[in-house]
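This is coords00.txt (compact mmCIF, C-alpha atoms).
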# COMPACT_ATOMS: atom_id res chain seq x y z
CA MET Q 1 7.15 -12.61 -5.41
CA THR Q 2 9.93 -10.09 -4.99
CA LYS Q 3 10.33 -6.71 -6.66
CA SER Q 4 12.68 -8.15 -9.28
CA GLU Q 5 10.22 -10.98 -10.00
CA LEU Q 6 7.44 -8.40 -10.35
CA ILE Q 7 9.58 -6.47 -12.84
CA GLU Q 8 10.32 -9.69 -14.71
CA ALA Q 9 6.63 -10.68 -14.88
CA VAL Q 10 5.51 -7.26 -16.11
CA ALA Q 11 8.34 -7.05 -18.66
CA THR Q 12 7.24 -10.42 -20.07
CA GLN Q 13 3.64 -9.16 -20.41
CA MET Q 14 4.81 -6.01 -22.18
CA GLY Q 15 6.76 -8.04 -24.73
CA ASP Q 16 8.75 -5.94 -27.20
CA ASN Q 17 6.97 -2.75 -26.17
CA MET Q 18 9.16 -2.14 -23.16
CA SER Q 19 12.55 -3.27 -21.92
CA LYS Q 20 13.05 -4.83 -18.50
CA ARG Q 21 15.12 -1.78 -17.56
CA ASP Q 22 12.19 0.50 -18.43
CA VAL Q 23 9.82 -1.56 -16.28
CA GLU Q 24 12.33 -1.43 -13.42
CA ILE Q 25 12.46 2.39 -13.61
CA VAL Q 26 8.65 2.57 -13.61
CA VAL Q 27 8.30 0.21 -10.62
CA ASP Q 28 10.91 2.21 -8.68
CA THR Q 29 9.19 5.48 -9.62
CA ILE Q 30 5.82 4.21 -8.34
CA PHE Q 31 7.13 3.02 -4.97
CA GLU Q 32 9.29 6.13 -4.51
CA ARG Q 33 6.26 8.31 -5.22
CA MET Q 34 4.25 6.37 -2.65
CA ARG Q 35 7.02 6.51 -0.08
CA ASP Q 36 7.43 10.27 -0.56
CA ALA Q 37 3.68 10.74 -0.11
CA LEU Q 38 3.67 8.81 3.17
CA ALA Q 39 6.79 10.67 4.32
CA ARG Q 40 4.71 13.86 3.98
CA HIS Q 41 1.90 12.01 5.81
CA ASP Q 42 -0.31 12.22 2.75
CA ARG Q 43 -2.88 9.52 2.13
CA ILE Q 44 -2.57 7.14 -0.83
CA GLU Q 45 -5.66 5.64 -2.41
CA ILE Q 46 -5.18 3.22 -5.26
CA ARG Q 47 -8.65 2.19 -6.41
CA GLY Q 48 -8.98 -1.61 -6.49
CA PHE Q 49 -5.75 -2.21 -4.60
CA GLY Q 50 -5.98 -0.37 -1.33
CA SER Q 51 -5.07 2.71 0.62
CA PHE Q 52 -2.16 3.70 2.81
CA ILE Q 53 -2.29 6.19 5.61
CA ALA Q 54 0.25 7.55 8.08
CA LYS Q 55 -1.09 7.72 11.63
CA PRO Q 56 0.49 9.27 14.69
CA ARG Q 57 1.31 7.06 17.66
CA ARG Q 58 1.17 9.17 20.77
CA ALA Q 59 4.19 9.53 23.04
CA ARG Q 60 4.16 7.00 25.86
CA GLU Q 61 6.17 5.78 28.77
CA GLY Q 62 8.02 2.59 27.98
CA ARG Q 63 10.54 0.43 29.70
CA ASN Q 64 13.90 -0.78 28.60
CA PRO Q 65 13.24 -4.54 28.63
CA ARG Q 66 16.82 -5.28 29.64
CA THR Q 67 17.27 -2.88 32.52
CA GLY Q 68 13.64 -2.29 33.49
CA GLU Q 69 14.40 1.41 33.37
CA LYS Q 70 11.58 3.80 32.44
CA VAL Q 71 12.07 5.59 29.16
CA GLN Q 72 10.00 8.18 27.34
CA VAL Q 73 8.96 6.89 23.91
CA PRO Q 74 8.30 9.96 21.70
CA LYS Q 75 5.36 10.49 19.36
CA LYS Q 76 5.90 8.58 16.17
CA TRP Q 77 4.20 8.28 12.77
CA VAL Q 78 3.51 4.80 11.43
CA PRO Q 79 2.01 3.53 8.16
CA PHE Q 80 -1.21 1.52 7.82
CA PHE Q 81 -2.65 -0.32 4.83
CA THR Q 82 -6.32 -0.99 4.11
CA CYS Q 83 -7.13 -3.52 1.42
CA GLY Q 84 -9.30 -2.25 -1.46
CA LYS Q 85 -12.59 -3.88 -2.43
CA GLU Q 86 -11.41 -5.53 -5.65
CA LEU Q 87 -8.30 -7.01 -4.03
CA LYS Q 88 -10.33 -8.17 -1.01
CA ASP Q 89 -12.85 -9.91 -3.29
CA ARG Q 90 -10.15 -11.52 -5.42
CA VAL Q 91 -8.19 -12.80 -2.44
CA ASN Q 92 -11.41 -14.37 -1.09
CA GLU Q 93 -12.58 -15.80 -4.40
CA PRO Q 94 -11.26 -19.36 -3.78
CA LEU Q 95 -13.19 -19.51 -0.47
CA GLN Q 96 -16.38 -18.24 -2.07
CA ALA Q 97 -16.11 -20.92 -4.76
CA LYS Q 98 -15.78 -23.61 -2.11
CA GLN Q 99 -18.75 -22.38 -0.08
CA GLY Q 100 -21.03 -21.61 -3.01
CA MET U 1 -7.36 28.38 -9.33
CA ALA U 2 -10.53 30.25 -10.31
CA THR U 3 -10.80 33.70 -8.81
CA SER U 4 -14.56 34.02 -9.19
CA ALA U 5 -16.80 33.45 -6.18
CA ALA U 6 -18.57 30.49 -7.73
CA PRO U 7 -16.18 27.59 -8.12
CA THR U 8 -16.27 25.70 -11.38
CA ALA U 9 -17.32 22.07 -11.39
CA SER U 10 -13.76 20.85 -11.86
CA ALA U 11 -12.43 23.04 -9.07
CA ALA U 12 -15.14 21.76 -6.74
CA ASN U 13 -14.23 18.17 -7.52
CA ASP U 14 -10.51 18.73 -7.05
CA THR U 15 -9.89 18.13 -3.37
CA ARG U 16 -6.17 17.61 -3.80
CA SER U 17 -5.31 21.24 -3.19
CA GLU U 18 -7.40 21.45 -0.02
CA GLY U 19 -6.87 20.28 3.53
CA ASP U 20 -3.69 19.38 5.36
CA ALA U 21 -3.02 15.94 3.97
CA SER U 22 -3.75 15.47 0.30
CA THR U 23 -4.51 12.12 -1.27
CA VAL U 24 -2.25 10.49 -3.81
CA THR U 25 -4.20 8.47 -6.37
CA LYS U 26 -3.42 6.23 -9.31
CA ALA U 27 -3.53 9.32 -11.52
CA ASP U 28 -0.64 10.79 -9.50
CA LEU U 29 1.41 7.61 -9.97
CA ILE U 30 0.76 7.76 -13.72
CA GLU U 31 1.74 11.44 -13.70
CA ALA U 32 5.01 10.62 -11.87
CA VAL U 33 5.86 7.96 -14.46
CA TYR U 34 4.94 10.34 -17.31
CA THR U 35 7.12 13.15 -15.91
CA LYS U 36 10.06 11.08 -14.76
CA VAL U 37 10.31 8.33 -17.34
CA GLY U 38 9.13 10.17 -20.42
CA PHE U 39 6.58 7.69 -21.74
CA SER U 40 3.37 9.02 -23.27
CA LYS U 41 0.36 9.44 -20.99
CA LYS U 42 -1.19 6.33 -22.57
CA GLU U 43 1.94 4.21 -22.11
CA SER U 44 2.40 5.46 -18.54
CA SER U 45 -1.19 4.57 -17.71
CA GLU U 46 -0.89 1.13 -19.31
CA ILE U 47 2.31 0.18 -17.49
CA VAL U 48 1.03 1.40 -14.09
CA GLU U 49 -2.17 -0.64 -14.58
CA ARG U 50 -0.12 -3.69 -15.57
CA ILE U 51 2.04 -3.43 -12.49
CA LEU U 52 -0.96 -3.06 -10.17
CA GLU U 53 -2.77 -5.93 -11.90
CA THR U 54 0.27 -8.19 -11.52
CA MET U 55 0.47 -7.30 -7.82
CA LYS U 56 -3.23 -8.07 -7.33
CA ALA U 57 -3.02 -11.35 -9.27
CA THR U 58 -0.03 -12.44 -7.15
CA LEU U 59 -1.92 -11.83 -3.90
CA ALA U 60 -5.10 -13.41 -5.33
CA ARG U 61 -3.06 -16.62 -5.78
CA GLY U 62 -2.22 -16.41 -2.09
CA GLU U 63 1.39 -15.54 -2.83
CA LYS U 64 3.44 -13.05 -0.79
CA LEU U 65 4.67 -9.86 -2.39
CA LYS U 66 7.89 -8.32 -1.15
CA VAL U 67 8.98 -4.91 -2.35
CA SER U 68 12.36 -4.01 -0.90
CA GLY U 69 12.46 -0.44 0.35
CA PHE U 70 8.67 -0.34 0.68
CA GLY U 71 7.17 -3.34 2.42
CA LYS U 72 5.69 -6.79 2.32
CA PHE U 73 2.12 -7.81 1.46
CA GLU U 74 0.89 -11.12 2.77
CA VAL U 75 -2.39 -13.03 2.55
CA ARG U 76 -3.53 -14.31 5.93
CA HIS U 77 -6.28 -16.79 6.64
CA LYS U 78 -8.84 -15.99 9.32
CA ASN U 79 -10.88 -18.83 10.77
CA THR U 80 -14.59 -18.71 11.41
CA ARG U 81 -15.32 -17.06 14.73
CA ARG U 82 -18.22 -15.78 16.77
CA GLY U 83 -18.59 -12.04 16.74
CA ARG U 84 -21.06 -9.41 17.71
CA ASN U 85 -22.66 -6.65 15.74
CA PRO U 86 -21.65 -3.65 17.82
CA GLN U 87 -24.78 -1.76 16.71
CA THR U 88 -27.47 -4.33 17.47
CA ASN U 89 -25.42 -6.33 20.00
CA LYS U 90 -26.57 -9.49 18.22
CA GLU U 91 -24.22 -12.43 18.12
CA LEU U 92 -23.26 -13.61 14.68
CA GLN U 93 -20.89 -15.95 12.91
CA ILE U 94 -17.97 -14.35 11.07
CA PRO U 95 -17.12 -16.78 8.26
CA ALA U 96 -13.57 -17.82 7.42
CA HIS U 97 -11.97 -15.30 5.11
CA ARG U 98 -8.65 -14.00 3.89
CA VAL U 99 -7.09 -10.64 4.57
CA VAL U 100 -4.14 -8.82 3.03
CA ALA U 101 -1.64 -7.73 5.66
CA PHE U 102 1.01 -5.11 4.99
CA LYS U 103 4.29 -4.89 6.86
CA PRO U 104 6.23 -1.72 6.12
CA SER U 105 9.96 -2.01 5.50
CA GLN U 106 12.50 -0.31 7.75
CA VAL U 107 13.14 2.23 5.01
CA LEU U 108 9.45 3.18 4.76
CA LYS U 109 9.05 3.29 8.55
CA ALA U 110 12.07 5.59 8.85
CA ALA U 111 10.77 7.85 6.06
CA ILE U 112 7.38 8.22 7.76
CA ALA U 113 8.85 8.76 11.20
CA GLY U 114 11.06 11.46 9.71
CA GLU U 115 14.20 9.64 10.69
CA SER U 116 17.40 9.67 8.72
CA LEU U 117 17.71 6.87 6.20
CA ALA U 118 21.42 6.53 6.97
CA GLY U 119 22.24 3.12 8.33
CA VAL U 120 18.85 1.68 7.38
CA SER U 121 19.37 -1.35 5.21
CA ASP U 122 17.31 -1.63 2.05
CA ASP U 123 17.18 -5.39 2.14
CA ASP U 124 15.25 -5.60 5.33
CA LEU U 125 12.52 -8.04 4.37
CA ASP U 126 12.88 -11.21 6.39
For the file at hand, write its structure as C-alpha cells.
Amino acid sequence: MTKSELIEAVATQMGDNMSKRDVEIVVDTIFERMRDALARHDRIEIRGFGSFIAKPRRAREGRNPRTGEKVQVPKKWVPFFTCGKELKDRVNEPLQAKQG
Amino acid sequence: MATSAAPTASAANDTRSEGDASTVTKADLIEAVYTKVGFSKKESSEIVERILETMKATLARGEKLKVSGFGKFEVRHKNTRRGRNPQTNKELQIPAHRVVAFKPSQVLKAAIAGESLAGVSDDDLD
C-alpha cells in the first residue's frame, strides 16, 4: 500500500464526511509532524502502532570501497522503529491461529 | 507552569516539558491536525485513529506500507531458531514469528542527520 492508496482507503471509510483532499492533508500533516519530531531528535510513541527514536551513530574510520583510502565518517543520527504491542500481536495473529 | 513548590497532579504527569528529548504522542498528532487543518478536536481524533487503524490493518494482512517522504514498513517472517535466555543461560526454542521492519526514506534520513533536503528525491522508495 502506498501513501495515495492509504489516503484512498481512509477517504472511502469516511464516506461523505470528508473529501479525499482533506484526508490527504491530514495524512501529510501527520507524517510531517513525525518527521519534524525526529529531526529534533525527539521520540515518537504511538500507542498500539510503535515508537520511533533517533539514535546517534558514533564517528568512525571508514574506507572508500573504490580507492581503499581511509576516510573519517562523522557522527550521524539515524532513525529506529520499534513495533508496538497491538501491531506485533496483529501481525502474528495468523501464526497463532495455525499453532493453536 | 505552577509556581508553587508542590506540583499539581497534572503537572507531575506532564513529562513533555521536561528532559532534553520530549516524546511526541498520538495526542500531539491530533493536535497538529486540529491546529493545521481546522477540524474539530473530535473529527481530528477520529481521522487520526482511522489512518493508524488502516496502517495497522494493512500490515496485519502482511502487506507492505510505503509512505513517500517518510519510509517503508514491511512484515518479515522469522523462522524458528534456537536461542538462549541471556539471564539464565538456558537454551530455548524461539518460535517462528513475524516482525515489522521500518526502512526510513532518504528524506527522513536527511532530516534526522541535519542534512539539507536539497537534491534528495521524494520518491525514493524502491
For chain Q versus chain U, which residues have an atom no more than 9 Å away, and what is each residue's nearest atom pair and distance in Å rounded to one decimal, using only C-alpha atoms, chain-then-number order, as CSV?
residue,atom,partner,partner_atom,distance
Q:Met1,CA,U:Leu65,CA,4.8
Q:Thr2,CA,U:Lys66,CA,4.7
Q:Lys3,CA,U:Val67,CA,4.9
Q:Ser4,CA,U:Val67,CA,8.5
Q:Leu6,CA,U:Thr54,CA,7.3
Q:Ile7,CA,U:Ile51,CA,8.1
Q:Ala9,CA,U:Thr54,CA,7.6
Q:Val10,CA,U:Ile51,CA,6.3
Q:Gln13,CA,U:Arg50,CA,8.2
Q:Met14,CA,U:Ile47,CA,8.2
Q:Asp22,CA,U:Val37,CA,8.1
Q:Val23,CA,U:Ile47,CA,7.8
Q:Ile25,CA,U:Val37,CA,7.3
Q:Val26,CA,U:Val33,CA,6.1
Q:Val27,CA,U:Ile51,CA,7.5
Q:Thr29,CA,U:Val33,CA,6.4
Q:Ile30,CA,U:Leu29,CA,5.8
Q:Phe31,CA,U:Phe70,CA,6.8
Q:Glu32,CA,U:Phe70,CA,8.3
Q:Arg33,CA,U:Leu29,CA,6.8
Q:Met34,CA,U:Val24,CA,7.8
Q:Arg35,CA,U:Leu108,CA,6.4
Q:Asp36,CA,U:Ala111,CA,7.8
Q:Ala37,CA,U:Val24,CA,7.0
Q:Leu38,CA,U:Ile112,CA,5.9
Q:Ala39,CA,U:Ile112,CA,4.3
Q:Arg40,CA,U:Ile112,CA,7.3
Q:His41,CA,U:Ala21,CA,6.6
Q:Asp42,CA,U:Ala21,CA,4.8
Q:Arg43,CA,U:Thr23,CA,4.6
Q:Ile44,CA,U:Val24,CA,4.5
Q:Glu45,CA,U:Thr25,CA,5.1
Q:Ile46,CA,U:Lys26,CA,5.3
Q:Arg47,CA,U:Lys26,CA,7.2
Q:Gly48,CA,U:Lys56,CA,8.7
Q:Phe49,CA,U:Lys56,CA,6.9
Q:Ala54,CA,U:Ile112,CA,7.2
Q:Lys76,CA,U:Ala113,CA,5.8
Q:Trp77,CA,U:Ala113,CA,4.9
Q:Val78,CA,U:Ile112,CA,6.3
Q:Pro79,CA,U:Pro104,CA,7.0
Q:Phe80,CA,U:Phe102,CA,7.5
Q:Phe81,CA,U:Phe102,CA,6.0
Q:Thr82,CA,U:Val100,CA,8.2
Q:Cys83,CA,U:Val100,CA,6.3
Q:Glu86,CA,U:Lys56,CA,8.7
Q:Leu87,CA,U:Lys56,CA,6.1
Q:Lys88,CA,U:Val99,CA,6.9
Q:Asp89,CA,U:Ala60,CA,8.7
Q:Arg90,CA,U:Ala60,CA,5.4
Q:Val91,CA,U:Ala60,CA,4.3
Q:Asn92,CA,U:Arg98,CA,5.7
Q:Glu93,CA,U:Ala60,CA,7.9
Q:Pro94,CA,U:Ala60,CA,8.7
Q:Leu95,CA,U:His97,CA,7.1
Q:Gln96,CA,U:His97,CA,8.9
Find the distance between CA of Arg58 (chain Q) and CA of Val73 (chain Q) and write it in Å to one decimal.
8.7 Å
Hey, can you check how far CA of Arg57 (chain Q) sits from CA of Glu69 (chain Q)?
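Answer for the CA of Arg57 (chain Q) to CA of Glu69 (chain Q) separation: 21.2 Å.
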To one decimal place in Å, what is the distance between CA of Lys78 (chain U) and CA of Ile94 (chain U)?
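For CA of Lys78 (chain U) relative to CA of Ile94 (chain U), the distance reads 9.4 Å.
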Save region 74-107 of chain U from what I just supplied, as a compact mmCIF listing (two decimals), in the first residue's frame, atoms limited to N, CA, C and O atoms.
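Generated file (selection00.txt):
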# COMPACT_ATOMS: atom_id res chain seq x y z
N GLU U 74 7.50 -2.99 6.52
CA GLU U 74 7.44 -4.29 5.87
C GLU U 74 7.31 -5.39 6.92
O GLU U 74 7.95 -5.31 7.97
N VAL U 75 6.51 -6.41 6.62
CA VAL U 75 6.38 -7.53 7.54
C VAL U 75 7.37 -8.61 7.12
O VAL U 75 7.36 -9.04 5.97
N ARG U 76 8.22 -9.02 8.04
CA ARG U 76 9.21 -10.05 7.73
C ARG U 76 8.97 -11.29 8.57
O ARG U 76 8.59 -11.20 9.72
N HIS U 77 9.19 -12.43 7.94
CA HIS U 77 9.00 -13.70 8.62
C HIS U 77 10.31 -14.18 9.23
O HIS U 77 11.34 -14.16 8.58
N LYS U 78 10.25 -14.58 10.48
CA LYS U 78 11.44 -15.13 11.15
C LYS U 78 11.18 -16.61 11.43
O LYS U 78 10.15 -16.96 12.02
N ASN U 79 12.09 -17.44 11.01
CA ASN U 79 11.94 -18.88 11.25
C ASN U 79 12.25 -19.26 12.69
O ASN U 79 12.91 -18.51 13.40
N THR U 80 11.80 -20.43 13.06
CA THR U 80 12.11 -20.96 14.39
C THR U 80 13.63 -21.09 14.51
O THR U 80 14.30 -21.52 13.58
N ARG U 81 14.16 -20.68 15.63
CA ARG U 81 15.60 -20.88 15.84
C ARG U 81 15.88 -21.14 17.32
O ARG U 81 15.05 -20.88 18.18
N ARG U 82 17.07 -21.71 17.56
CA ARG U 82 17.49 -21.95 18.93
C ARG U 82 18.09 -20.67 19.47
O ARG U 82 18.90 -20.04 18.82
N GLY U 83 17.68 -20.33 20.68
CA GLY U 83 18.24 -19.14 21.31
C GLY U 83 18.64 -19.45 22.72
O GLY U 83 18.60 -20.60 23.16
N ARG U 84 19.02 -18.43 23.43
CA ARG U 84 19.46 -18.62 24.81
C ARG U 84 18.93 -17.47 25.64
O ARG U 84 19.01 -16.32 25.22
N ASN U 85 18.39 -17.80 26.78
CA ASN U 85 17.97 -16.76 27.70
C ASN U 85 19.24 -16.16 28.31
O ASN U 85 19.98 -16.87 29.00
N PRO U 86 19.52 -14.91 28.03
CA PRO U 86 20.78 -14.34 28.49
C PRO U 86 20.88 -14.26 30.02
O PRO U 86 21.97 -14.17 30.57
N GLN U 87 19.72 -14.34 30.70
CA GLN U 87 19.74 -14.23 32.16
C GLN U 87 20.06 -15.58 32.82
O GLN U 87 20.90 -15.67 33.68
N THR U 88 19.37 -16.62 32.35
CA THR U 88 19.55 -17.94 32.96
C THR U 88 20.53 -18.80 32.18
O THR U 88 20.94 -19.86 32.66
N ASN U 89 20.89 -18.34 30.95
CA ASN U 89 21.81 -19.09 30.09
C ASN U 89 21.22 -20.40 29.59
O ASN U 89 21.91 -21.26 29.07
N LYS U 90 19.91 -20.57 29.78
CA LYS U 90 19.24 -21.79 29.34
C LYS U 90 18.94 -21.70 27.85
O LYS U 90 18.54 -20.67 27.36
N GLU U 91 19.10 -22.82 27.16
CA GLU U 91 18.78 -22.85 25.75
C GLU U 91 17.27 -22.96 25.58
O GLU U 91 16.61 -23.64 26.34
N LEU U 92 16.75 -22.29 24.59
CA LEU U 92 15.31 -22.39 24.36
C LEU U 92 15.02 -22.22 22.88
O LEU U 92 15.86 -21.77 22.11
N GLN U 93 13.80 -22.61 22.52
CA GLN U 93 13.37 -22.53 21.12
C GLN U 93 12.64 -21.21 20.92
O GLN U 93 11.71 -20.91 21.66
N ILE U 94 13.06 -20.42 19.94
CA ILE U 94 12.33 -19.19 19.63
C ILE U 94 11.41 -19.53 18.46
O ILE U 94 11.87 -19.85 17.37
N PRO U 95 10.10 -19.54 18.69
CA PRO U 95 9.18 -19.96 17.62
C PRO U 95 9.15 -18.99 16.44
O PRO U 95 9.52 -17.82 16.59
N ALA U 96 8.72 -19.50 15.30
CA ALA U 96 8.59 -18.67 14.10
C ALA U 96 7.64 -17.51 14.41
O ALA U 96 6.64 -17.69 15.09
N HIS U 97 7.98 -16.34 13.96
CA HIS U 97 7.12 -15.19 14.21
C HIS U 97 7.33 -14.15 13.12
O HIS U 97 8.21 -14.30 12.26
N ARG U 98 6.53 -13.12 13.17
CA ARG U 98 6.66 -12.04 12.19
C ARG U 98 7.06 -10.76 12.89
O ARG U 98 6.64 -10.50 14.01
N VAL U 99 7.86 -9.97 12.20
CA VAL U 99 8.27 -8.68 12.75
C VAL U 99 7.98 -7.58 11.72
O VAL U 99 7.91 -7.84 10.53
N VAL U 100 7.77 -6.37 12.23
CA VAL U 100 7.56 -5.23 11.33
C VAL U 100 8.89 -4.49 11.23
O VAL U 100 9.44 -4.06 12.25
N ALA U 101 9.41 -4.39 10.02
CA ALA U 101 10.67 -3.68 9.80
C ALA U 101 10.37 -2.32 9.19
O ALA U 101 9.47 -2.19 8.37
N PHE U 102 11.12 -1.33 9.61
CA PHE U 102 10.94 0.02 9.07
C PHE U 102 12.22 0.46 8.38
O PHE U 102 13.31 0.35 8.94
N LYS U 103 12.07 0.96 7.15
CA LYS U 103 13.22 1.48 6.42
C LYS U 103 12.95 2.95 6.15
O LYS U 103 12.03 3.29 5.41
N PRO U 104 13.72 3.83 6.77
CA PRO U 104 13.47 5.27 6.59
C PRO U 104 13.78 5.70 5.16
O PRO U 104 14.68 5.16 4.52
N SER U 105 13.02 6.68 4.67
CA SER U 105 13.28 7.20 3.32
C SER U 105 14.48 8.15 3.37
O SER U 105 14.90 8.59 4.43
N GLN U 106 15.01 8.45 2.21
CA GLN U 106 16.16 9.36 2.11
C GLN U 106 15.83 10.71 2.73
O GLN U 106 16.68 11.34 3.38
N VAL U 107 14.59 11.15 2.52
CA VAL U 107 14.16 12.45 3.04
C VAL U 107 14.19 12.45 4.57
O VAL U 107 14.70 13.39 5.20
